[in-house]
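Colleague: To start, I am sharing the structure in question, which I have written as structure tokens.
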Amino acid sequence: MLIIDNILIIIISLIFIILIIIFTTRNNKKSYIVREFYSLGTSNQLKAYGKKASKAIEESIIKVCEIDNKMSVFKNDSEISKINKNAGNKPQIVSNDTYYVIQKAIKYCTLSEGAFDITIRPIVSLWGIGKEGQQVPSSNEIKEKLKIVNYKDIVLDKDDRSIFLKNKKQEIDVGGIAKGFAADEVKNVMIKNGIKSALINLGGNILTLGTKIDGTPWSVGIQDPFKTRGEFALTISVINKSVVTSGNYERYFEVEGKRFHHIINPSTGYPSESDIVGATIISDNSIDGDGLSTGVYIMGVEKSIKLIEEIEGVDAILITKSKEIYVTSGMEGKFTITGQEFVYKNRI
Ligand code: AMP
Ligand code: MG
């Protein structure tokens, strides 16, 4: 009798354990969370898998909004606005985040030989692209403001953690790099929460964490610059990579059929008219991809391919006005052209 009782208890316990295992694995499969939110002047989407996905996403949104509060040029009390108000007057002490972003930005200003220049803000606000009152400024206004565009006038003091602009009226705009930083920070929050698979999309800047839940790579579409949003020129498969694109379709207005977009060439003060209409950078960290994509867009195909080939672990896909696609050597064979009218060029 006692033996039968014991066997019964063991069987019931086993069934119980099996049920718990089935229940928890089922729950894990379901724990795939997607959230959309507005910050950094754009709409963002976070998708994460895992038990703590919900918590990780909540924390990520808080982090992105914190970055926006520190770095937005449209917020009066952001650290960037404070730096700008103190231009020509006194240095502004900033947080580690803002200091790091400006330091990285200056690296890409230098590498791009000033094509990327975060002191472009006075020109950007003259155009007001994407804002109320957007307009083509007079050439005199542009000439005047161009005089104060020079990233070499940014003075960093590591000990004080302060930033100083040498000349009055100079202004910084980290809009061309902050989204990349924010994406990297979101990835860190995800990892801290034990998330192994996530898709971070900040206004079209993509950062993937791990693989998809089924172990296959993420497929990322590269926007067709000639079509409406969501139509792709090509797709690439990536694991643990950042895919950041600068394009003339992101923010623009048109006058008499001519498009004036938001990427300004600092040597002319006008929207960039290089041969590129879409510049994608593939890298491990999104801050590098974002910092490079804006400059590369302005530099044009030839110079950009040369520059990106020299940077270890970074690749580029460039789409030109005449619908040609150029890639750096690390990307060869790793993409699929989906837009029929595009032509792949394997040499410059
Ligand atoms: P992205 O979408 O990353 O290419 O960044 C474009 C944003 O960067 C613009 O909306 C401006 O705020 C800013 N920007 C425009 N032109 C430049 C430039 N030449 N260098 C640095 N930032 C720029
Ligand atoms: Mg950028």
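Ligands are numbered from 1 in the order shown, residues from 1 within each chain, and chains are lettered A, B, ... in the order they appear in the structure tokens.
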Need the shell around Gln92 in chain A: protein/DNA/RNA residues with any atom at most 6 Å away, counting only C-alpha atoms. Skip same-chain ones fewer than 5 positions apart. Format as a PDB file with N, CA, C and O atoms, in the first residue's frame?
Modeller:
ATOM      1  N   ILE A  83      24.599  75.244 -24.042  1.00  0.00           N
ATOM      2  CA  ILE A  83      25.906  75.467 -24.708  1.00  0.00           C
ATOM      3  C   ILE A  83      25.747  76.613 -25.716  1.00  0.00           C
ATOM      4  O   ILE A  83      26.564  77.531 -25.773  1.00  0.00           O
ATOM      5  N   SER A 162      33.192  70.148 -19.762  1.00  0.00           N
ATOM      6  CA  SER A 162      32.465  71.312 -20.279  1.00  0.00           C
ATOM      7  C   SER A 162      32.708  71.496 -21.776  1.00  0.00           C
ATOM      8  O   SER A 162      33.680  70.989 -22.337  1.00  0.00           O
ATOM      9  N   ILE A 163      31.763  72.212 -22.390  1.00  0.00           N
ATOM     10  CA  ILE A 163      31.827  72.502 -23.831  1.00  0.00           C
ATOM     11  C   ILE A 163      31.713  74.013 -24.000  1.00  0.00           C
ATOM     12  O   ILE A 163      30.862  74.655 -23.368  1.00  0.00           O
TER      13      ILE A 163
END
Colleague: Could you list, with a cut-off of 9 Å and counting only C-alpha atoms and all ligand atoms, the residues of chain A near ligand 2, each shown with its nearest atom pair and the distance in Å rounded to one decimal, rows sorted by chain and ascending number, as a Markdown table?
Modeller:
| residue | atom | partner | partner_atom_place_in_ligand_line | distance |
| --- | --- | --- | --- | --- |
| A:Phe116 | CA | ligand 2 | 1 (Mg) | 8.8 |
| A:Val174 | CA | ligand 2 | 1 (Mg) | 8.9 |
| A:Gly175 | CA | ligand 2 | 1 (Mg) | 7.3 |
| A:Gly176 | CA | ligand 2 | 1 (Mg) | 3.9 |
| A:Ile177 | CA | ligand 2 | 1 (Mg) | 4.9 |
| A:Ala178 | CA | ligand 2 | 1 (Mg) | 8.0 |
| A:Lys179 | CA | ligand 2 | 1 (Mg) | 7.7 |
| A:Gly180 | CA | ligand 2 | 1 (Mg) | 7.4 |
| A:Asn205 | CA | ligand 2 | 1 (Mg) | 8.8 |
| A:Val244 | CA | ligand 2 | 1 (Mg) | 7.3 |
| A:Thr245 | CA | ligand 2 | 1 (Mg) | 7.2 |
| A:Ser246 | CA | ligand 2 | 1 (Mg) | 6.0 |
| A:Ile287 | CA | ligand 2 | 1 (Mg) | 8.3 |
| A:Asp288 | CA | ligand 2 | 1 (Mg) | 8.7 |
| A:Gly289 | CA | ligand 2 | 1 (Mg) | 7.0 |
| A:Asp290 | CA | ligand 2 | 1 (Mg) | 3.6 |
| A:Gly291 | CA | ligand 2 | 1 (Mg) | 4.8 |
| A:Leu292 | CA | ligand 2 | 1 (Mg) | 6.3 |
| A:Ser293 | CA | ligand 2 | 1 (Mg) | 4.9 |
| A:Thr294 | CA | ligand 2 | 1 (Mg) | 4.3 |
| A:Gly295 | CA | ligand 2 | 1 (Mg) | 7.5 |
Colleague: How would the residues just picked look written out with all heavy atoms as a short mmCIF file (atom, residue, chain, number, x, y, z; two decimals), in the first residue's frame?
Modeller:
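Result file selection24.cif:
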data_model
loop_
_atom_site.label_atom_id
_atom_site.label_comp_id
_atom_site.auth_asym_id
_atom_site.auth_seq_id
_atom_site.Cartn_x
_atom_site.Cartn_y
_atom_site.Cartn_z
N PHE A 116 30.42 66.68 -42.39
CA PHE A 116 29.59 66.61 -41.20
C PHE A 116 30.12 67.69 -40.27
O PHE A 116 31.31 67.71 -39.95
CB PHE A 116 29.72 65.22 -40.57
CG PHE A 116 28.85 64.99 -39.36
CD1 PHE A 116 27.47 65.01 -39.48
CD2 PHE A 116 29.40 64.75 -38.11
CE1 PHE A 116 26.65 64.80 -38.37
CE2 PHE A 116 28.59 64.53 -37.00
CZ PHE A 116 27.21 64.55 -37.13
N VAL A 174 23.06 68.36 -32.68
CA VAL A 174 23.50 66.96 -32.73
C VAL A 174 22.42 66.04 -33.34
O VAL A 174 22.46 64.83 -33.16
CB VAL A 174 23.98 66.43 -31.35
CG1 VAL A 174 25.27 67.08 -30.93
CG2 VAL A 174 22.90 66.58 -30.27
N GLY A 175 21.49 66.67 -34.07
CA GLY A 175 20.40 65.92 -34.73
C GLY A 175 20.92 64.87 -35.71
O GLY A 175 20.20 63.91 -36.03
N GLY A 176 22.14 65.02 -36.18
CA GLY A 176 22.69 64.08 -37.15
C GLY A 176 23.41 62.91 -36.50
O GLY A 176 23.95 62.04 -37.21
N ILE A 177 23.41 62.82 -35.17
CA ILE A 177 24.15 61.75 -34.50
C ILE A 177 23.46 61.22 -33.23
O ILE A 177 23.69 60.08 -32.82
CB ILE A 177 25.62 62.19 -34.20
CG1 ILE A 177 26.49 61.01 -33.77
CG2 ILE A 177 25.66 63.32 -33.17
CD1 ILE A 177 27.98 61.29 -33.78
N ALA A 178 22.56 62.02 -32.64
CA ALA A 178 21.98 61.66 -31.34
C ALA A 178 21.10 60.40 -31.39
O ALA A 178 21.06 59.63 -30.43
CB ALA A 178 21.16 62.83 -30.79
N LYS A 179 20.42 60.19 -32.51
CA LYS A 179 19.57 58.99 -32.63
C LYS A 179 20.42 57.72 -32.55
O LYS A 179 20.01 56.72 -31.97
CB LYS A 179 18.80 59.00 -33.95
CG LYS A 179 17.54 59.85 -33.91
CD LYS A 179 16.61 59.48 -35.03
CE LYS A 179 17.18 59.80 -36.37
NZ LYS A 179 16.57 60.84 -37.14
N GLY A 180 21.61 57.79 -33.14
CA GLY A 180 22.52 56.65 -33.09
C GLY A 180 22.95 56.36 -31.66
O GLY A 180 22.96 55.20 -31.22
N ASN A 205 16.33 54.63 -38.13
CA ASN A 205 17.68 54.14 -37.80
C ASN A 205 17.50 52.80 -37.09
O ASN A 205 16.87 52.75 -36.04
CB ASN A 205 18.38 55.09 -36.82
CG ASN A 205 18.92 56.33 -37.50
OD1 ASN A 205 18.54 56.63 -38.62
ND2 ASN A 205 19.79 57.04 -36.82
N VAL A 244 21.97 52.42 -40.52
CA VAL A 244 21.49 53.80 -40.43
C VAL A 244 21.53 54.45 -41.81
O VAL A 244 22.53 54.36 -42.51
CB VAL A 244 22.37 54.61 -39.45
CG1 VAL A 244 22.05 56.08 -39.52
CG2 VAL A 244 22.19 54.10 -38.02
N THR A 245 20.44 55.11 -42.16
CA THR A 245 20.39 55.73 -43.48
C THR A 245 20.11 57.23 -43.39
O THR A 245 19.26 57.66 -42.61
CB THR A 245 19.28 55.08 -44.34
OG1 THR A 245 19.58 53.68 -44.45
CG2 THR A 245 19.22 55.67 -45.74
N SER A 246 20.85 58.02 -44.17
CA SER A 246 20.52 59.43 -44.36
C SER A 246 19.96 59.56 -45.77
O SER A 246 20.59 59.11 -46.73
CB SER A 246 21.78 60.30 -44.23
OG SER A 246 22.17 60.37 -42.89
N ILE A 287 25.97 54.90 -33.06
CA ILE A 287 26.49 56.28 -33.04
C ILE A 287 27.48 56.48 -34.20
O ILE A 287 27.51 57.53 -34.82
CB ILE A 287 27.13 56.63 -31.66
CG1 ILE A 287 27.39 58.14 -31.58
CG2 ILE A 287 28.40 55.82 -31.39
CD1 ILE A 287 27.67 58.67 -30.20
N ASP A 288 28.26 55.43 -34.50
CA ASP A 288 29.20 55.53 -35.61
C ASP A 288 28.45 55.60 -36.94
O ASP A 288 28.79 56.40 -37.83
CB ASP A 288 30.15 54.32 -35.60
CG ASP A 288 30.95 54.25 -34.31
OD1 ASP A 288 31.43 55.31 -33.86
OD2 ASP A 288 31.07 53.16 -33.72
N GLY A 289 27.44 54.76 -37.08
CA GLY A 289 26.65 54.74 -38.32
C GLY A 289 25.97 56.08 -38.56
O GLY A 289 25.98 56.60 -39.67
N ASP A 290 25.40 56.64 -37.49
CA ASP A 290 24.67 57.90 -37.63
C ASP A 290 25.63 59.05 -37.95
O ASP A 290 25.39 59.84 -38.86
CB ASP A 290 23.88 58.18 -36.34
CG ASP A 290 22.72 59.13 -36.57
OD1 ASP A 290 22.46 59.48 -37.74
OD2 ASP A 290 22.07 59.53 -35.59
N GLY A 291 26.72 59.12 -37.20
CA GLY A 291 27.71 60.19 -37.42
C GLY A 291 28.25 60.14 -38.83
O GLY A 291 28.48 61.17 -39.46
N LEU A 292 28.45 58.93 -39.34
CA LEU A 292 29.03 58.79 -40.68
C LEU A 292 28.01 59.01 -41.80
O LEU A 292 28.34 59.57 -42.84
CB LEU A 292 29.67 57.40 -40.84
CG LEU A 292 31.04 57.24 -40.19
CD1 LEU A 292 31.41 55.76 -40.06
CD2 LEU A 292 32.11 57.97 -41.01
N SER A 293 26.76 58.58 -41.59
CA SER A 293 25.80 58.59 -42.69
C SER A 293 25.55 60.01 -43.21
O SER A 293 25.46 60.23 -44.42
CB SER A 293 24.48 57.94 -42.29
OG SER A 293 23.81 58.72 -41.33
N THR A 294 25.45 60.97 -42.31
CA THR A 294 25.15 62.34 -42.72
C THR A 294 26.32 62.92 -43.54
O THR A 294 26.10 63.52 -44.60
CB THR A 294 24.84 63.21 -41.48
OG1 THR A 294 23.96 62.48 -40.63
CG2 THR A 294 24.21 64.53 -41.85
N GLY A 295 27.54 62.71 -43.05
CA GLY A 295 28.71 63.23 -43.75
C GLY A 295 28.90 62.56 -45.11
O GLY A 295 29.15 63.24 -46.12
#
Colleague: Taking the backbone alone, and naming residues the way the document does, which bits of range 92-284 of chain A are strand (DSSP E or B) by DSSP, as a PyMOL selection string?
Modeller: chain A and resi 92-93+154-157+162-165+197-202+205-209+218-223+232-238+242-247+252-255+258-261+264+271+276-283
Colleague: Pull the alpha helix (DSSP H) assignments for range 59-228 of chain A out of DSSP run on the backbone, and list those residues as a ChimeraX atom specification.
Modeller: /A:59-71,79-85,96-111,121-127,139-146,178-192
Colleague: Take CA of Glu58 in chain A and CA of Asn240 in chain A and report the distance between them in Å, one decimal.
Modeller: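 Value for the CA of Glu58 in chain A-CA of Asn240 in chain A distance: 21.3 Å.
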Colleague: Which residues come within 10 Å of Lys168 in chain A, counting only C-alpha atoms, excluding same-chain residues fewer than 3 positions away, as a ChimeraX atom specification?
Modeller: /A:84-89,148,165,171
Colleague: Per residue of range 188-271 of chain A within 12 Å of range 337-343 of chain A, which atom pair is closest and at what distance in Å (one decimal), using only C-alpha atoms, listed by chain and increasing number, as a tab-separated table?
Modeller:
residue	atom	partner	partner_atom	distance
A:Val220	CA	A:Thr338	CA	11.9
A:Gly221	CA	A:Thr338	CA	9.1
A:Ile222	CA	A:Ile337	CA	9.5
A:Gln223	CA	A:Gly339	CA	9.7
A:Asp224	CA	A:Gly339	CA	7.3
A:Pro225	CA	A:Gly339	CA	10.6
A:Phe226	CA	A:Gly339	CA	10.1
A:Lys227	CA	A:Gly339	CA	9.9
A:Glu231	CA	A:Gly339	CA	8.4
A:Phe232	CA	A:Gly339	CA	6.5
A:Ala233	CA	A:Gly339	CA	4.4
A:Leu234	CA	A:Ile337	CA	4.1
A:Thr235	CA	A:Ile337	CA	6.5
A:Ile236	CA	A:Ile337	CA	8.9
Colleague: With C-alpha atoms retained, could you export that selection as a PDB file, in the first residue's frame?
Modeller:
ATOM      1  CA  VAL A 220      16.349  45.178 -42.913  1.00  0.00           C
ATOM      2  CA  GLY A 221      14.864  47.084 -45.854  1.00  0.00           C
ATOM      3  CA  ILE A 222      16.699  50.112 -47.223  1.00  0.00           C
ATOM      4  CA  GLN A 223      14.244  52.804 -48.258  1.00  0.00           C
ATOM      5  CA  ASP A 224      13.853  53.504 -51.972  1.00  0.00           C
ATOM      6  CA  PRO A 225      14.610  57.272 -52.025  1.00  0.00           C
ATOM      7  CA  PHE A 226      12.341  57.711 -55.052  1.00  0.00           C
ATOM      8  CA  LYS A 227       9.261  56.092 -53.503  1.00  0.00           C
ATOM      9  CA  GLU A 231       9.073  50.847 -50.216  1.00  0.00           C
ATOM     10  CA  PHE A 232      12.553  49.360 -50.367  1.00  0.00           C
ATOM     11  CA  ALA A 233      15.383  49.584 -52.903  1.00  0.00           C
ATOM     12  CA  LEU A 234      17.165  46.607 -51.328  1.00  0.00           C
ATOM     13  CA  THR A 235      17.238  44.422 -48.245  1.00  0.00           C
ATOM     14  CA  ILE A 236      20.119  43.162 -46.125  1.00  0.00           C
TER      15      ILE A 236
END
Colleague: Near Ser139 in chain A, within 10 Å and counting only C-alpha atoms, which residues show up once chain neighbours fewer than 4 positions away are dropped, as a list in words?
Modeller: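 Contacts, with the query itself left out: Lys143, Glu144, Thr268, Gly269 and Tyr270 of chain A.
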Colleague: Taking into account only C-alpha atoms and all ligand atoms, which residue in the set A:Gly300, A:Gly313, A:Gly204, A:Gly50 is nearest to ligand 1?
Modeller: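 Comparing A:Gly300, A:Gly313, A:Gly204, A:Gly50 against ligand 1, the winner is A:Gly204.
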Colleague: Within 7 Å of His261 in chain A, counting only C-alpha atoms, which residues qualify if same-chain residues fewer than 4 places away don't, as a ChimeraX atom specification?
Modeller: /A:129,248,251-253,271
Colleague: Atoms to include: N, CA and C atoms. Write the selected residues as a tab-separated table (two decimals), in the first residue's frame.
Modeller:
chain	number	residue	atom	x	y	z
A	129	ILE	N	13.71	73.60	-42.28
A	129	ILE	CA	13.11	72.45	-42.97
A	129	ILE	C	12.36	71.54	-42.01
A	248	ASN	N	17.35	61.98	-48.70
A	248	ASN	CA	16.76	63.28	-49.04
A	248	ASN	C	15.24	63.26	-48.90
A	251	ARG	N	13.18	64.59	-44.58
A	251	ARG	CA	12.58	65.89	-44.27
A	251	ARG	C	12.89	66.82	-45.41
A	252	TYR	N	11.83	67.38	-46.03
A	252	TYR	CA	12.09	68.29	-47.15
A	252	TYR	C	10.85	69.12	-47.45
A	253	PHE	N	11.05	70.16	-48.27
A	253	PHE	CA	9.90	70.85	-48.85
A	253	PHE	C	10.23	71.11	-50.32
A	271	PRO	N	21.08	72.61	-49.30
A	271	PRO	CA	20.95	71.16	-49.21
A	271	PRO	C	21.93	70.47	-50.15
Colleague: If we count only C-alpha atoms, what is near Gly330 in chain A at a cut-off of 12 Å, once residues fewer than 6 positions away on the same chain are taken out, given as JSON, numbers by chain?
Modeller: {"A": [281, 282, 283, 305, 308, 309, 310, 311, 312, 313, 314, 315, 316, 317, 346]}
Colleague: List the spatial neighbours of range 196-202 of chain A as a PyMOL selection string - criterion: any atom at most 10 Å away, only C-alpha atoms, same-chain residues fewer than 3 positions off excluded.
Modeller: chain A and resi 32-34+36-50+53+57+60+64+179-180+182-184+186-187+190-193+205-215+218+239-240+242-244
Colleague: Give me a file of those residues, with N, CA and C atoms, as a compact mmCIF listing (two decimals), in the first residue's frame.
Modeller:
# COMPACT_ATOMS: atom_id res chain seq x y z
N TYR A 32 6.66 38.58 -26.56
CA TYR A 32 7.23 39.38 -27.63
C TYR A 32 6.43 40.69 -27.65
N ILE A 33 7.12 41.77 -27.30
CA ILE A 33 6.43 43.03 -27.05
C ILE A 33 6.87 44.09 -28.07
N VAL A 34 5.91 44.87 -28.58
CA VAL A 34 6.24 45.97 -29.49
C VAL A 34 5.63 47.25 -28.92
N GLU A 36 5.38 51.62 -29.70
CA GLU A 36 5.72 52.78 -30.53
C GLU A 36 5.64 54.03 -29.68
N PHE A 37 6.54 54.96 -29.89
CA PHE A 37 6.49 56.21 -29.12
C PHE A 37 7.19 57.32 -29.89
N TYR A 38 6.84 58.55 -29.53
CA TYR A 38 7.42 59.71 -30.21
C TYR A 38 8.48 60.36 -29.33
N SER A 39 9.65 60.55 -29.86
CA SER A 39 10.73 61.26 -29.15
C SER A 39 11.82 61.56 -30.17
N LEU A 40 12.77 62.39 -29.84
CA LEU A 40 13.87 62.78 -30.74
C LEU A 40 13.32 63.35 -32.05
N GLY A 41 12.14 63.94 -31.98
CA GLY A 41 11.53 64.56 -33.16
C GLY A 41 11.07 63.58 -34.21
N THR A 42 10.84 62.32 -33.81
CA THR A 42 10.44 61.31 -34.79
C THR A 42 9.69 60.17 -34.12
N SER A 43 9.07 59.29 -34.94
CA SER A 43 8.39 58.15 -34.30
C SER A 43 9.34 56.95 -34.26
N ASN A 44 9.24 56.24 -33.15
CA ASN A 44 10.19 55.16 -32.86
C ASN A 44 9.43 53.89 -32.55
N GLN A 45 10.08 52.76 -32.80
CA GLN A 45 9.45 51.48 -32.47
C GLN A 45 10.47 50.54 -31.82
N LEU A 46 10.08 49.96 -30.69
CA LEU A 46 10.96 49.00 -30.03
C LEU A 46 10.24 47.66 -29.98
N LYS A 47 10.99 46.60 -30.31
CA LYS A 47 10.43 45.26 -30.32
C LYS A 47 11.41 44.38 -29.57
N ALA A 48 10.93 43.68 -28.54
CA ALA A 48 11.86 42.86 -27.75
C ALA A 48 11.22 41.55 -27.36
N TYR A 49 12.05 40.53 -27.28
CA TYR A 49 11.60 39.20 -26.88
C TYR A 49 12.20 38.86 -25.53
N GLY A 50 11.44 38.14 -24.74
CA GLY A 50 11.99 37.65 -23.47
C GLY A 50 11.10 38.00 -22.30
N ALA A 53 10.89 41.66 -21.37
CA ALA A 53 10.77 42.56 -22.52
C ALA A 53 10.01 43.84 -22.18
N ILE A 57 11.61 47.56 -22.33
CA ILE A 57 11.09 48.60 -23.24
C ILE A 57 10.72 49.86 -22.46
N SER A 60 13.80 51.62 -21.63
CA SER A 60 14.41 52.18 -22.85
C SER A 60 13.75 53.49 -23.24
N VAL A 64 15.50 57.11 -23.76
CA VAL A 64 15.46 57.90 -25.01
C VAL A 64 14.93 59.31 -24.71
N LYS A 179 20.42 60.19 -32.51
CA LYS A 179 19.57 58.99 -32.63
C LYS A 179 20.42 57.72 -32.55
N GLY A 180 21.61 57.79 -33.14
CA GLY A 180 22.52 56.65 -33.09
C GLY A 180 22.95 56.36 -31.66
N ALA A 182 21.32 57.19 -28.97
CA ALA A 182 20.13 56.72 -28.24
C ALA A 182 19.90 55.23 -28.51
N ALA A 183 20.07 54.82 -29.76
CA ALA A 183 19.87 53.40 -30.11
C ALA A 183 20.86 52.51 -29.36
N ASP A 184 22.13 52.95 -29.29
CA ASP A 184 23.13 52.16 -28.54
C ASP A 184 22.75 52.06 -27.07
N VAL A 186 19.70 52.19 -25.83
CA VAL A 186 18.56 51.28 -25.73
C VAL A 186 19.07 49.83 -25.74
N LYS A 187 20.01 49.57 -26.62
CA LYS A 187 20.57 48.21 -26.70
C LYS A 187 21.17 47.82 -25.34
N MET A 190 18.49 46.91 -22.95
CA MET A 190 17.95 45.58 -23.30
C MET A 190 18.87 44.48 -22.74
N ILE A 191 20.15 44.63 -23.00
CA ILE A 191 21.12 43.61 -22.56
C ILE A 191 21.09 43.48 -21.03
N LYS A 192 21.03 44.62 -20.34
CA LYS A 192 20.99 44.62 -18.87
C LYS A 192 19.77 43.85 -18.36
N ASN A 193 18.71 43.84 -19.15
CA ASN A 193 17.50 43.13 -18.76
C ASN A 193 17.46 41.70 -19.28
N ASN A 205 16.33 54.63 -38.13
CA ASN A 205 17.68 54.14 -37.80
C ASN A 205 17.50 52.80 -37.09
N ILE A 206 18.07 51.75 -37.66
CA ILE A 206 17.82 50.40 -37.12
C ILE A 206 19.05 49.88 -36.38
N LEU A 207 18.79 49.31 -35.20
CA LEU A 207 19.84 48.59 -34.49
C LEU A 207 19.25 47.25 -34.07
N THR A 208 19.91 46.17 -34.48
CA THR A 208 19.39 44.84 -34.14
C THR A 208 20.22 44.24 -33.02
N LEU A 209 19.53 43.58 -32.10
CA LEU A 209 20.22 42.86 -31.03
C LEU A 209 20.01 41.37 -31.28
N GLY A 210 21.10 40.64 -31.46
CA GLY A 210 21.02 39.20 -31.70
C GLY A 210 20.33 38.86 -33.00
N THR A 211 19.73 37.67 -33.03
CA THR A 211 18.99 37.22 -34.21
C THR A 211 17.50 37.34 -33.91
N LYS A 212 16.68 36.99 -34.89
CA LYS A 212 15.24 36.88 -34.61
C LYS A 212 15.06 35.71 -33.65
N ILE A 213 13.90 35.60 -33.06
CA ILE A 213 13.67 34.58 -32.04
C ILE A 213 13.87 33.15 -32.59
N ASP A 214 13.66 32.97 -33.90
CA ASP A 214 13.84 31.64 -34.48
C ASP A 214 15.30 31.37 -34.90
N GLY A 215 16.19 32.29 -34.55
CA GLY A 215 17.62 32.08 -34.83
C GLY A 215 18.06 32.59 -36.19
N TRP A 218 17.97 39.17 -38.96
CA TRP A 218 16.95 40.19 -39.22
C TRP A 218 17.09 40.62 -40.68
N ILE A 239 22.81 40.45 -38.19
CA ILE A 239 22.74 39.99 -36.81
C ILE A 239 23.60 40.96 -36.00
N ASN A 240 23.05 41.51 -34.93
CA ASN A 240 23.83 42.40 -34.06
C ASN A 240 24.47 43.57 -34.80
N SER A 242 24.03 47.70 -36.67
CA SER A 242 23.28 48.94 -36.83
C SER A 242 23.19 49.23 -38.33
N VAL A 243 22.01 49.65 -38.77
CA VAL A 243 21.81 50.01 -40.18
C VAL A 243 21.16 51.41 -40.20
N VAL A 244 21.97 52.42 -40.52
CA VAL A 244 21.49 53.80 -40.43
C VAL A 244 21.53 54.45 -41.81
Colleague: In Å to one decimal, how far is CA of Phe181 in chain A from CA of Leu126 in chain A?
Modeller: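 Computed distance, CA of Leu126 in chain A to CA of Phe181 in chain A, equals 26.1 Å.
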Colleague: Measuring between only C-alpha atoms and all ligand atoms, which one of A:Ser95, A:Ser272, A:Thr228, A:Ser78 shows the shortest distance to ligand 1?
Modeller: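 Using only C-alpha atoms and all ligand atoms, ligand 1 sits closest to A:Ser272.
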